[in-house]
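The structure under discussion appears below in the form of structure tokens.
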Amino acid sequence: MQSSAITTSKADFCYGLVRAIYKDSKSQGVTLSIPPKRNQFKQSPYTILEDWLDEALEKLEDRQLLLNLDEFEKIGTAINEGRISLQLFDELRHLIQHYDQLGFLFSGVKTLQEIGPHWSSYFISVVPIKMLYLEPEEAEQLLLDPDPEFTLRYDKGIVEEVLKLTHCQPYLLQVLGAAMVTQANIHHTDTVTSDLLKAAIQEAFIQGEPYFTNVWTEFTGESETEILEGQRLLLNLAKGQQPATNRNEITETVLTYMLRHHIIEQRDNNYYFEVPLVKMWVKQKAM
């Protein structure tokens with residue numbers, strides 16, 4: 001769903017889906033029927049999609065086809081903006097229920113309820129799976145043995161500190177791990193010390209700038225007013241200041257929103273950053 005073309009219309013969606021299936025199958029040595037041209041989808045896109053799928057699935061024989069619609073929220077945006085009608089939901093539900101060889105994986109950052117009422121009713125058979133953090137032992141394994149030829153070692157307490165800083169969040173583990181390798185190469189060492197970790201954190205802030213900025217601009221609220229309030233709250237939390245007890249409706253909405261997206265957590269009626277590394281970025285960069 002990252003391509004803007006695929007959510008331009010229902011015809012473009014069906015064409016994009018067929019083309020992606022064809023190209024990926026071909027890369028795995030499975031040659032399917034040549035996809036119809038883009039303009040052929042304009043008249044009856046869902047009929048053409050199903051006709052092509054019927055032929056394609058026969059050629060797949062006993063294989064299963066998994067369709068991962070990443071950033072699936074963009075379908076909801078296209079429907080809300082009138083570029084695609086709710087008929088697409090009917091078609092997706094039909095494919096899910098009646099095409100046994102097809103599996104669907106919708107991945108994104110919002111729940112079906114957050115996107116809108118239609119999603120929950122149309123996709124009642126979809127099972128939600130929340131993907132958050134690695135288990136500590138998984139995160140430790142990623143740091144200690146990411147590759148058979150990995151030789152980097154850590155001073156006592158460094159691995160535990162990295163797990164604490166990242167809260168075992170997969171992306172942050174990767175970006176901080178890569179930063180430690182970079183700093184070790186710069187300093188011609190195979191051991192991560194506390195000083196090298198400090199340098200790696202600064203490197204991670206640079207390399208991970210898009211991620212931290214995305215947290216700052218996208219997960220602090222939905223409207224401009226909410227985002228400004230969310231950023232104000234994060235700045236105060238980074239300075240150790242809790243939200244006021246007599247909060248207005250916007251503040252309550254923003255706190256709920258950031259809790260839902262795991263930017264903050266609540267303990268003993270107080271709010272804290274869920275990931276310490278995000279707190280460090282807010283305190284150092286945003287302030």
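Residue numbering restarts at 1 in every chain; chains get A, B, ... in the order shown in the structure tokens, and ligands count up from 1 in that same order.
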
>> When you look at segment 277-280 of chain A with a cut-off of 12 Å (counting only C-alpha atoms), what residues show up, excluding the ones that are within fewer than 6 positions of it in the same chain? I need them as JSON, numbers by chain.
In response: {"A": [161, 162, 163, 164, 165, 166, 167, 168, 169, 171, 172, 173, 175, 176, 198, 200, 201, 202, 204, 205, 208, 209, 211, 212, 213, 214, 215, 216, 231, 233, 234, 235, 236, 237, 238, 239, 240, 262, 263, 264, 286, 287]}

>> At a cut-off of 10 Å, using only C-alpha atoms, what residues contact Glu265 of chain A? Leave out same-chain residues fewer than 6 positions from it and give the result as a list in words.
In response: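 Selected residues are Leu255, Thr256, Met258, Leu259, Tyr271, Tyr272, Phe273, Glu274 and Val275 of chain A.
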
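The coordinates place atom CA of Val126 of chain A at 21.5 Å from atom CA of Arg63 of chain A.
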
>> Please compute the atom CA of Lys110 of chain A-atom CA of His261 of chain A distance, one decimal, in Å.
In response: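 Atom CA of Lys110 of chain A sits 8.4 Å away from atom CA of His261 of chain A.
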
>> Run DSSP on the backbone and tell me which residues of segment 4-240 of chain A come out as strand (DSSP E); list them as an NGL selection string.
In response: :A and (65-70 or 102-107 or 153-154 or 191-192)

Take the residues that were just selected and, keeping C-alpha atoms, output them as a tab-separated table (two decimals), in the first residue's frame.
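Once written, part_13.tsv looks like this:
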chain	number	residue	atom	x	y	z
A	65	LEU	CA	-0.45	-17.64	-1.72
A	66	LEU	CA	0.01	-15.17	1.14
A	67	LEU	CA	-0.93	-11.58	0.38
A	68	ASN	CA	0.57	-9.07	2.80
A	69	LEU	CA	-1.15	-5.69	2.55
A	70	ASP	CA	1.31	-3.49	4.40
A	102	LEU	CA	-5.29	-17.32	-0.49
A	103	GLY	CA	-4.11	-16.07	2.87
A	104	PHE	CA	-4.29	-12.41	3.88
A	105	LEU	CA	-2.02	-10.53	6.25
A	106	PHE	CA	-3.01	-6.92	6.92
A	107	SER	CA	-0.16	-5.12	8.67
A	153	ARG	CA	31.84	-8.42	22.40
A	154	TYR	CA	30.34	-6.36	25.22
A	191	THR	CA	34.56	-4.64	22.56
A	192	VAL	CA	31.66	-2.31	23.38

>> Which residues are near segment 46-60 of chain A? Cut-off 8 Å, only C-alpha atoms, ignore same chain within fewer than 2 positions. Put them as a list in words.
In response: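 The residues that qualify are Ala11, Cys14, Tyr15, Val18, Val30, Leu32, Ser33, Pro35, Phe41, Ser44, Asp62, Arg63, Gln64, Glu91 and Gln101 of chain A.
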
Please report, as JSON lines, each residue of segment 166-210 of chain A lying at most 12 Å from segment 145-148 of chain A, together with the nearest pair of atoms and the separation in Å rounded to one decimal; use only C-alpha atoms, and order rows by chain and ascending residue number.
{"residue": "A:Leu173", "atom": "CA", "partner": "A:Pro146", "partner_atom": "CA", "distance": 11.3}
{"residue": "A:Gln174", "atom": "CA", "partner": "A:Pro146", "partner_atom": "CA", "distance": 10.0}
{"residue": "A:Gly177", "atom": "CA", "partner": "A:Pro146", "partner_atom": "CA", "distance": 9.8}
{"residue": "A:Ala178", "atom": "CA", "partner": "A:Pro146", "partner_atom": "CA", "distance": 10.9}
{"residue": "A:Val181", "atom": "CA", "partner": "A:Pro146", "partner_atom": "CA", "distance": 11.8}

> Rounded to one decimal in Å, what is the spacing between atom CA of Glu149 of chain A and atom CA of Pro136 of chain A?
Replying inline: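 Straight-line distance from atom CA of Glu149 of chain A to atom CA of Pro136 of chain A works out to 22.4 Å.
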
> When DSSP works through the backbone of this structure, what residues of segment 3-240 of chain A end up as alpha helix (DSSP H), shown as a ChimeraX atom specification?
Replying inline: /A:10-27,45-60,73-80,87-98,112-115,117-122,136-144,158-166,170-186,194-207,209-218,224-238
